[in-house]
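Since the structure comes first, as structure tokens, the remarks are kept for the end.
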Amino acid sequence: MVKVRKAVIPAAGLGTRFLPATKAMAKEMLPIVDKPTIQFIVEEALKSGIEDILIVTGKAKRPIEDHFDANYELEANLKEKGKTELLKLVEETTDVNLHFIRQSHPRGLGHAVLQAKAFIGDEPFIVMLGDDLMEDEIPLTRQLMDDYETTHASTIAVMKVPHEDTSKYGIINPGEEVEPGLYNVKDFVEKPKPEKAPSDLAIIGRYLLTPEIFQVLETQAPGAGNEIQLTDAIDRLNKTQRVFAHQFTGKRYDVGDKFGFMKTSIEYGLKHPEVKDNLKEYIINLGHELEAQDQPQAPKTEK
Ligand code: UTP
């Protein structure tokens with residue numbers, strides 16, 4: 001059986017929800033406390049046993065490449081000053097088998113994945129989106145790779161979302177649950193209104209795909225937002241070969257919009273050894289201040 005060895009990280013979107021921060025910088029470089037989101041994704045891939053990673057970049061390609069490249073000047077400076085802990089952090093990011101390709105126009109996630117065709121060749125592979133940070137004992141990417149060993153088929157990560165939120169996601173119409181948390185999929189529906197949603201199981205940012213997806217993407221017409229949608233292509237793939245959905249039960253941090261990004265920054269800050277105590281104290285005090293502000297003011301008495 002062919003092993004899953006490669007991952008694709010699309011990072012060529014316009015990131016309009018974070019403008020103006022993303023005018024000259026990919027949103028995947030925005031940091032959670034002190035680490036760019038794309039580094040969390042690369043770390044998940046490596047922990048899962050992925051050997052080669054392709055990052056699909058857009059206009060703001062340089063900072064991503066530089067981040068994962070050696071920076072001799074900085075390293076020499078840290079060495080000279082004896083900052084060994086920081087040096088370790090900086091060097092950690094360079095020991096990865098990374099490759100880059102450019103998506104010249106952001107025509108959608110499906111189009112970004114299509115750019116990986118030559119790199120992937122005839123192997124199953126993983127797609128990882130920087131919008132979602134995942135936490136579980138076993139990394140979600142590894143969970144999908146483990147599924148592949150028995151299914152030998154494309155498997156999409158899904159998670160239960162509040163029913164009123166279905167219109168923000170691709171939603172699956174699940175068929176039989178072949179083993180706990182692993183479903184056959186009847187259809188994939190892009191962003192259905194709650195009253196039309198076939199389930200509350202939403203596609204989240206990890207996919208294991210067979211290489212046949214590329215033939216589908218090559219003929220995929222633009223869908224929602226006039227973009228080539230990966231969900232539409234997976235739905236078509238599902239008509240010719242089995243596609244499964246794997247229900248993730250760990251913790252997902254949605255960093256794709258401002259509020260989700262802020263919540264994640266706070267939660268990660270509360271776990272960060274350097275800032276957690278101060279941050280906790282700050283949040284508690286802020287809570288008291290906000291509560292006091294919300295109390296009805298006692299009427300001023302006339303002198
Ligand atoms: P999003 O829709 O979340 O990213 O795509 P976006 O378009 O950059 O964000 P907004 O909505 O304008 O704020 C999901 C992932 O797919 C990548 C994005 O970089 C993101 O990681 N993507 C999207 C591409 O690589 N190319 C595209 O054409 C579109």
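Within each chain, counting starts at residue 1; across the structure tokens, chains are named A, B, ... in the order shown, with ligands numbered 1 upward in that order.
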
- Task: Please write out the residues within 6 Å of ligand 1 as a list in words, counting only C-alpha atoms and all ligand atoms.
- Result: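 Protein and nucleic-acid residues within 6 Å of ligand 1: Pro10, Ala11, Ala12, Gly13, Leu14, Gly15, Thr16, Arg17, Pro106, Arg107, Gly108, Leu109, Ala112, Leu129, Gly130, Asp131 and Gly256 of chain A.
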
Using the selection just defined, write its residues with N, CA and C atoms as a PDB file, in the first residue's frame.
ATOM      1  N   PRO A  10      -2.206  25.299   1.673  1.00  0.00           N
ATOM      2  CA  PRO A  10      -2.528  26.455   0.836  1.00  0.00           C
ATOM      3  C   PRO A  10      -2.443  27.732   1.679  1.00  0.00           C
ATOM      4  N   ALA A  11      -1.678  28.690   1.205  1.00  0.00           N
ATOM      5  CA  ALA A  11      -1.510  29.947   1.954  1.00  0.00           C
ATOM      6  C   ALA A  11      -1.467  31.124   0.982  1.00  0.00           C
ATOM      7  N   ALA A  12      -2.330  31.039  -0.036  1.00  0.00           N
ATOM      8  CA  ALA A  12      -2.293  32.068  -1.077  1.00  0.00           C
ATOM      9  C   ALA A  12      -3.571  32.904  -1.109  1.00  0.00           C
ATOM     10  N   GLY A  13      -4.419  32.737  -0.109  1.00  0.00           N
ATOM     11  CA  GLY A  13      -5.669  33.505  -0.085  1.00  0.00           C
ATOM     12  C   GLY A  13      -5.392  34.980   0.188  1.00  0.00           C
ATOM     13  N   LEU A  14      -6.412  35.790  -0.028  1.00  0.00           N
ATOM     14  CA  LEU A  14      -6.219  37.237   0.150  1.00  0.00           C
ATOM     15  C   LEU A  14      -6.313  37.658   1.614  1.00  0.00           C
ATOM     16  N   GLY A  15      -6.909  36.830   2.441  1.00  0.00           N
ATOM     17  CA  GLY A  15      -7.007  37.154   3.870  1.00  0.00           C
ATOM     18  C   GLY A  15      -7.741  38.458   4.124  1.00  0.00           C
ATOM     19  N   THR A  16      -8.851  38.656   3.388  1.00  0.00           N
ATOM     20  CA  THR A  16      -9.541  39.957   3.470  1.00  0.00           C
ATOM     21  C   THR A  16     -10.116  40.233   4.859  1.00  0.00           C
ATOM     22  N   ARG A  17     -10.385  39.161   5.631  1.00  0.00           N
ATOM     23  CA  ARG A  17     -10.963  39.395   6.964  1.00  0.00           C
ATOM     24  C   ARG A  17      -9.958  40.013   7.932  1.00  0.00           C
ATOM     25  N   PRO A 106      -5.524  34.164  -6.863  1.00  0.00           N
ATOM     26  CA  PRO A 106      -6.284  33.395  -5.868  1.00  0.00           C
ATOM     27  C   PRO A 106      -7.663  33.010  -6.392  1.00  0.00           C
ATOM     28  N   ARG A 107      -7.713  31.889  -7.123  1.00  0.00           N
ATOM     29  CA  ARG A 107      -8.982  31.477  -7.763  1.00  0.00           C
ATOM     30  C   ARG A 107      -9.769  30.520  -6.889  1.00  0.00           C
ATOM     31  N   GLY A 108      -9.358  30.369  -5.643  1.00  0.00           N
ATOM     32  CA  GLY A 108     -10.098  29.496  -4.734  1.00  0.00           C
ATOM     33  C   GLY A 108      -9.232  28.359  -4.199  1.00  0.00           C
ATOM     34  N   LEU A 109      -9.728  27.750  -3.105  1.00  0.00           N
ATOM     35  CA  LEU A 109      -8.968  26.685  -2.442  1.00  0.00           C
ATOM     36  C   LEU A 109      -8.716  25.502  -3.377  1.00  0.00           C
ATOM     37  N   ALA A 112      -5.924  26.325  -5.587  1.00  0.00           N
ATOM     38  CA  ALA A 112      -4.652  26.309  -4.846  1.00  0.00           C
ATOM     39  C   ALA A 112      -4.140  24.867  -4.726  1.00  0.00           C
ATOM     40  N   LEU A 129      -5.266  23.395   6.325  1.00  0.00           N
ATOM     41  CA  LEU A 129      -5.547  24.832   6.258  1.00  0.00           C
ATOM     42  C   LEU A 129      -5.096  25.534   7.530  1.00  0.00           C
ATOM     43  N   GLY A 130      -4.463  26.684   7.318  1.00  0.00           N
ATOM     44  CA  GLY A 130      -3.968  27.464   8.452  1.00  0.00           C
ATOM     45  C   GLY A 130      -5.068  28.125   9.258  1.00  0.00           C
ATOM     46  N   ASP A 131      -6.313  28.082   8.771  1.00  0.00           N
ATOM     47  CA  ASP A 131      -7.431  28.710   9.490  1.00  0.00           C
ATOM     48  C   ASP A 131      -7.796  27.969  10.763  1.00  0.00           C
ATOM     49  N   GLY A 256      -9.431  31.842  11.595  1.00  0.00           N
ATOM     50  CA  GLY A 256      -9.683  32.427  10.274  1.00  0.00           C
ATOM     51  C   GLY A 256     -10.395  33.766  10.309  1.00  0.00           C
TER      52      GLY A 256
END

- Task: Give the strand (DSSP E) residues of region 13-258 of chain A, as assigned by DSSP on the backbone, as JSON, numbers by chain.
- Result: {"A": [31, 32, 35, 36, 52, 53, 54, 55, 56, 57, 98, 99, 100, 101, 102, 125, 126, 127, 128, 132, 133, 134, 135, 154, 155, 156, 157, 158, 159, 160, 170, 171, 172, 173, 174, 175, 176, 177, 178, 179, 182, 183, 184, 185, 186, 187, 188, 189, 190, 201, 202, 203, 204, 205, 206, 207, 208, 209, 243, 244, 245, 246, 247, 251, 252, 253, 254]}

Please provide as a PDB file with N, CA and C atoms, in the first residue's frame all residues within 7 Å of region 232-248 of chain A, with the sequence filter that same-chain residues fewer than 5 positions apart are discarded (counting only C-alpha atoms).
ATOM      1  N   ALA A 153      -8.933   5.303   1.124  1.00  0.00           N
ATOM      2  CA  ALA A 153      -9.807   6.248   0.410  1.00  0.00           C
ATOM      3  C   ALA A 153      -9.646   7.660   0.978  1.00  0.00           C
ATOM      4  N   SER A 154     -10.146   8.632   0.224  1.00  0.00           N
ATOM      5  CA  SER A 154     -10.133  10.010   0.713  1.00  0.00           C
ATOM      6  C   SER A 154     -10.949  10.103   1.995  1.00  0.00           C
ATOM      7  N   THR A 155     -10.454  10.852   2.951  1.00  0.00           N
ATOM      8  CA  THR A 155     -11.155  11.008   4.234  1.00  0.00           C
ATOM      9  C   THR A 155     -11.053  12.466   4.657  1.00  0.00           C
ATOM     10  N   ILE A 156     -12.205  13.050   4.951  1.00  0.00           N
ATOM     11  CA  ILE A 156     -12.277  14.481   5.240  1.00  0.00           C
ATOM     12  C   ILE A 156     -12.584  14.654   6.722  1.00  0.00           C
ATOM     13  N   ALA A 157     -11.859  15.545   7.392  1.00  0.00           N
ATOM     14  CA  ALA A 157     -12.140  15.773   8.817  1.00  0.00           C
ATOM     15  C   ALA A 157     -13.385  16.641   8.962  1.00  0.00           C
ATOM     16  N   VAL A 158     -14.283  16.227   9.850  1.00  0.00           N
ATOM     17  CA  VAL A 158     -15.503  17.011  10.121  1.00  0.00           C
ATOM     18  C   VAL A 158     -15.670  17.142  11.636  1.00  0.00           C
ATOM     19  N   MET A 159     -16.490  18.106  12.011  1.00  0.00           N
ATOM     20  CA  MET A 159     -16.729  18.324  13.434  1.00  0.00           C
ATOM     21  C   MET A 159     -18.151  18.846  13.610  1.00  0.00           C
ATOM     22  N   GLY A 181     -17.284   7.132  14.602  1.00  0.00           N
ATOM     23  CA  GLY A 181     -16.717   8.399  14.148  1.00  0.00           C
ATOM     24  C   GLY A 181     -16.245   8.414  12.703  1.00  0.00           C
ATOM     25  N   LEU A 182     -16.447   7.312  11.969  1.00  0.00           N
ATOM     26  CA  LEU A 182     -16.038   7.282  10.552  1.00  0.00           C
ATOM     27  C   LEU A 182     -17.276   6.989   9.694  1.00  0.00           C
ATOM     28  N   TYR A 183     -17.623   7.954   8.833  1.00  0.00           N
ATOM     29  CA  TYR A 183     -18.875   7.865   8.072  1.00  0.00           C
ATOM     30  C   TYR A 183     -18.608   7.718   6.581  1.00  0.00           C
ATOM     31  N   ASN A 184     -19.465   6.958   5.919  1.00  0.00           N
ATOM     32  CA  ASN A 184     -19.579   7.091   4.469  1.00  0.00           C
ATOM     33  C   ASN A 184     -20.255   8.422   4.219  1.00  0.00           C
ATOM     34  N   VAL A 185     -19.973   9.069   3.103  1.00  0.00           N
ATOM     35  CA  VAL A 185     -20.624  10.360   2.854  1.00  0.00           C
ATOM     36  C   VAL A 185     -21.497  10.242   1.617  1.00  0.00           C
ATOM     37  N   ASP A 187     -23.354  13.113   0.337  1.00  0.00           N
ATOM     38  CA  ASP A 187     -23.091  14.351  -0.416  1.00  0.00           C
ATOM     39  C   ASP A 187     -22.351  15.339   0.464  1.00  0.00           C
ATOM     40  N   PHE A 188     -21.728  16.293  -0.218  1.00  0.00           N
ATOM     41  CA  PHE A 188     -21.121  17.447   0.451  1.00  0.00           C
ATOM     42  C   PHE A 188     -21.898  18.673  -0.013  1.00  0.00           C
ATOM     43  N   ILE A 213      -8.206  13.356  -7.191  1.00  0.00           N
ATOM     44  CA  ILE A 213      -8.826  14.675  -6.990  1.00  0.00           C
ATOM     45  C   ILE A 213      -8.314  15.671  -8.045  1.00  0.00           C
ATOM     46  N   VAL A 216     -10.331  15.726 -11.177  1.00  0.00           N
ATOM     47  CA  VAL A 216     -11.612  16.402 -10.932  1.00  0.00           C
ATOM     48  C   VAL A 216     -11.386  17.923 -10.898  1.00  0.00           C
ATOM     49  N   LEU A 217     -10.343  18.346 -10.197  1.00  0.00           N
ATOM     50  CA  LEU A 217     -10.098  19.793 -10.071  1.00  0.00           C
ATOM     51  C   LEU A 217      -9.818  20.444 -11.424  1.00  0.00           C
ATOM     52  N   GLN A 220     -13.046  21.395 -12.805  1.00  0.00           N
ATOM     53  CA  GLN A 220     -14.015  21.939 -11.843  1.00  0.00           C
ATOM     54  C   GLN A 220     -14.398  23.380 -12.213  1.00  0.00           C
TER      55      GLN A 220
END

- Message: To one decimal place in Å, what is the distance between CA of Ile172 (chain A) and CA of Gln215 (chain A)?
- Response: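 Between CA of Ile172 (chain A) and CA of Gln215 (chain A) the gap works out to 22.0 Å.
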
- Query: If you count only C-alpha atoms, which residues fall within 12 Å of region 64-72 of chain A, apart from same-chain ones fewer than 5 positions away, as a PyMOL selection string?
  - Reply: chain A and resi 9-12+24-31+35-39+42-43+53-59+77-80+87-102

Output file for the selection above: N, CA and C atoms, as a compact mmCIF listing (two decimals), in the first residue's frame:
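Output below, filename result-v8.txt:
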# COMPACT_ATOMS: atom_id res chain seq x y z
N ILE A 9 -0.04 22.83 2.10
CA ILE A 9 -0.63 23.89 2.93
C ILE A 9 -0.93 25.09 2.01
N PRO A 10 -2.21 25.30 1.67
CA PRO A 10 -2.53 26.46 0.84
C PRO A 10 -2.44 27.73 1.68
N ALA A 11 -1.68 28.69 1.21
CA ALA A 11 -1.51 29.95 1.95
C ALA A 11 -1.47 31.12 0.98
N ALA A 12 -2.33 31.04 -0.04
CA ALA A 12 -2.29 32.07 -1.08
C ALA A 12 -3.57 32.90 -1.11
N ALA A 24 0.23 43.32 2.99
CA ALA A 24 1.54 42.94 2.46
C ALA A 24 2.06 41.66 3.10
N MET A 25 1.19 40.97 3.88
CA MET A 25 1.67 39.78 4.59
C MET A 25 0.59 38.70 4.57
N ALA A 26 1.00 37.44 4.35
CA ALA A 26 0.02 36.35 4.36
C ALA A 26 -0.58 36.23 5.76
N LYS A 27 -1.90 35.92 5.81
CA LYS A 27 -2.52 35.80 7.14
C LYS A 27 -1.92 34.64 7.92
N GLU A 28 -1.36 33.66 7.20
CA GLU A 28 -0.75 32.51 7.86
C GLU A 28 0.50 32.89 8.66
N MET A 29 1.00 34.12 8.47
CA MET A 29 2.16 34.58 9.24
C MET A 29 1.74 35.36 10.49
N LEU A 30 0.44 35.60 10.67
CA LEU A 30 0.00 36.31 11.89
C LEU A 30 0.30 35.41 13.09
N PRO A 31 0.90 35.96 14.16
CA PRO A 31 1.29 35.08 15.27
C PRO A 31 0.21 34.90 16.32
N LYS A 35 4.12 32.75 17.81
CA LYS A 35 4.39 31.77 16.75
C LYS A 35 3.41 31.96 15.59
N PRO A 36 3.91 32.11 14.35
CA PRO A 36 2.99 32.26 13.21
C PRO A 36 2.09 31.03 13.09
N THR A 37 0.84 31.24 12.70
CA THR A 37 -0.10 30.11 12.64
C THR A 37 0.43 29.00 11.74
N ILE A 38 1.13 29.38 10.67
CA ILE A 38 1.60 28.34 9.73
C ILE A 38 2.63 27.42 10.41
N GLN A 39 3.32 27.92 11.41
CA GLN A 39 4.29 27.06 12.12
C GLN A 39 3.58 25.98 12.94
N VAL A 42 2.75 23.34 10.36
CA VAL A 42 3.93 22.56 9.97
C VAL A 42 4.29 21.58 11.09
N GLU A 43 4.18 22.04 12.34
CA GLU A 43 4.51 21.16 13.47
C GLU A 43 3.55 19.97 13.55
N ILE A 53 6.57 18.80 2.68
CA ILE A 53 5.44 19.75 2.75
C ILE A 53 5.57 20.77 1.62
N LEU A 54 4.46 20.97 0.91
CA LEU A 54 4.43 22.02 -0.13
C LEU A 54 3.55 23.15 0.36
N ILE A 55 4.10 24.36 0.38
CA ILE A 55 3.28 25.51 0.75
C ILE A 55 2.92 26.27 -0.54
N VAL A 56 1.62 26.48 -0.74
CA VAL A 56 1.17 27.23 -1.92
C VAL A 56 1.07 28.69 -1.49
N THR A 57 1.91 29.52 -2.09
CA THR A 57 1.96 30.92 -1.65
C THR A 57 1.38 31.84 -2.71
N GLY A 58 1.06 33.05 -2.26
CA GLY A 58 0.54 34.05 -3.17
C GLY A 58 1.48 35.25 -3.21
N LYS A 59 0.88 36.40 -3.21
CA LYS A 59 1.69 37.62 -3.36
C LYS A 59 2.70 37.80 -2.22
N ASN A 77 24.10 36.43 16.19
CA ASN A 77 23.86 37.42 17.23
C ASN A 77 23.39 36.76 18.53
N LEU A 78 22.46 35.82 18.40
CA LEU A 78 21.93 35.15 19.60
C LEU A 78 23.01 34.30 20.26
N LYS A 79 23.85 33.66 19.41
CA LYS A 79 24.95 32.83 19.92
C LYS A 79 25.92 33.70 20.71
N GLU A 80 26.27 34.83 20.11
CA GLU A 80 27.23 35.75 20.73
C GLU A 80 26.72 36.23 22.09
N LEU A 87 17.84 30.86 20.49
CA LEU A 87 18.54 30.28 19.34
C LEU A 87 17.88 28.96 18.95
N LYS A 88 17.53 28.17 19.96
CA LYS A 88 16.88 26.88 19.71
C LYS A 88 15.55 27.10 18.98
N LEU A 89 14.80 28.11 19.45
CA LEU A 89 13.49 28.40 18.84
C LEU A 89 13.65 28.80 17.37
N VAL A 90 14.68 29.60 17.10
CA VAL A 90 14.90 30.09 15.73
C VAL A 90 15.36 28.94 14.83
N GLU A 91 16.22 28.07 15.38
CA GLU A 91 16.76 26.98 14.55
C GLU A 91 15.73 25.89 14.29
N GLU A 92 14.78 25.74 15.24
CA GLU A 92 13.75 24.70 15.11
C GLU A 92 13.00 24.77 13.78
N THR A 93 12.81 25.99 13.28
CA THR A 93 11.96 26.17 12.10
C THR A 93 12.67 25.84 10.79
N THR A 94 13.98 25.55 10.85
CA THR A 94 14.71 25.40 9.58
C THR A 94 14.92 23.94 9.19
N ASP A 95 14.60 23.04 10.13
CA ASP A 95 14.91 21.64 9.89
C ASP A 95 13.72 20.89 9.28
N VAL A 96 13.16 21.44 8.22
CA VAL A 96 11.93 20.87 7.65
C VAL A 96 12.10 20.76 6.14
N ASN A 97 11.55 19.68 5.56
CA ASN A 97 11.59 19.52 4.11
C ASN A 97 10.47 20.30 3.46
N LEU A 98 10.70 21.58 3.23
CA LEU A 98 9.63 22.45 2.71
C LEU A 98 9.86 22.80 1.25
N HIS A 99 8.76 22.90 0.52
CA HIS A 99 8.82 23.28 -0.89
C HIS A 99 7.77 24.37 -1.09
N PHE A 100 7.97 25.20 -2.10
CA PHE A 100 7.04 26.30 -2.33
C PHE A 100 6.60 26.32 -3.78
N ILE A 101 5.34 26.68 -3.97
CA ILE A 101 4.87 26.92 -5.35
C ILE A 101 3.94 28.11 -5.29
N ARG A 102 3.86 28.80 -6.39
CA ARG A 102 3.09 30.04 -6.42
C ARG A 102 1.73 29.80 -7.07

- Message: My list of candidates is A:Asp277, A:Glu176, A:Glu212, A:Asp200. Which is closest to Pro162 (chain A) when distances are computed with only C-alpha atoms?
- Response: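 Closest candidate: A:Asp200.
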
- If you count only C-alpha atoms, which residues fall within 7 Å of Ser167 (chain A), apart from same-chain ones fewer than 5 positions away, as number ranges by chain? A: 191-194

- Message: Could you check the closest approach to Met1 (chain A) for each of A:Ser104, A:Thr249, A:Thr150, A:Gln229 and tell me which residue wins, using only C-alpha atoms?
- Response: A:Thr150

- Quick one: pull the distance between CA of Leu133 (chain A) and CA of Ile284 (chain A), Å, one decimal.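 So the answer is 25.8 Å.
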
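Note that CA of Met128 (chain A) and CA of Ile204 (chain A) are 9.4 Å apart.
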
- Filtered DSSP result for region 85-197 of chain A, state helix (DSSP H, G or I), as number ranges by chain: A: 85-92, 109-114, 117-120, 140-151, 163-168, 194-196

- Message: I'd like the neighbourhood of Gly260 (chain A) as a list in words, where a residue qualifies if any of its atoms comes within 12 Å (using only C-alpha atoms), though same-chain residues fewer than 6 positions away should be ignored.
- Response: Arg17, Phe18, Ile32, Asp131, Asp132, Leu133, Arg252, Tyr253, Asp254, Ile266 and Glu267 of chain A

Selection above as a file: C-alpha atoms, as a PDB file, in the first residue's frame:
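Output saved as result-v1.pdb:
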ATOM      1  CA  ARG A  17     -10.963  39.395   6.964  1.00  0.00           C
ATOM      2  CA  PHE A  18      -7.682  40.625   8.429  1.00  0.00           C
ATOM      3  CA  ILE A  32      -0.613  33.429  18.098  1.00  0.00           C
ATOM      4  CA  ASP A 131      -7.431  28.710   9.490  1.00  0.00           C
ATOM      5  CA  ASP A 132      -7.831  25.865  11.974  1.00  0.00           C
ATOM      6  CA  LEU A 133      -5.472  24.894  14.776  1.00  0.00           C
ATOM      7  CA  ARG A 252     -10.434  23.217  17.291  1.00  0.00           C
ATOM      8  CA  TYR A 253      -9.290  26.823  17.353  1.00  0.00           C
ATOM      9  CA  ASP A 254     -10.737  28.814  14.465  1.00  0.00           C
ATOM     10  CA  ILE A 266      -5.957  34.504  24.832  1.00  0.00           C
ATOM     11  CA  GLU A 267      -6.280  30.743  25.353  1.00  0.00           C
TER      12      GLU A 267
END

- Could you pull the residues within 6 Å of Pro211 (chain A), counting only C-alpha atoms, minus those fewer than 5 positions along the same chain, as a ChimeraX atom specification? /A:122-124

Just the selected residues (N, CA and C atoms), exported as a compact mmCIF listing (two decimals), in the first residue's frame, please.
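out.txt, freshly written:
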# COMPACT_ATOMS: atom_id res chain seq x y z
N ASP A 122 1.39 10.56 -7.97
CA ASP A 122 0.33 9.56 -7.89
C ASP A 122 0.18 8.99 -6.47
N GLU A 123 0.21 9.86 -5.48
CA GLU A 123 0.15 9.39 -4.08
C GLU A 123 -1.03 10.03 -3.36
N PRO A 124 -1.53 9.38 -2.32
CA PRO A 124 -2.50 10.07 -1.46
C PRO A 124 -1.76 11.15 -0.68

- Which is closer to Val178 (chain A) than all the others in A:Gly49, A:Phe261, A:Thr151, A:His105, using only C-alpha atoms? A:Thr151
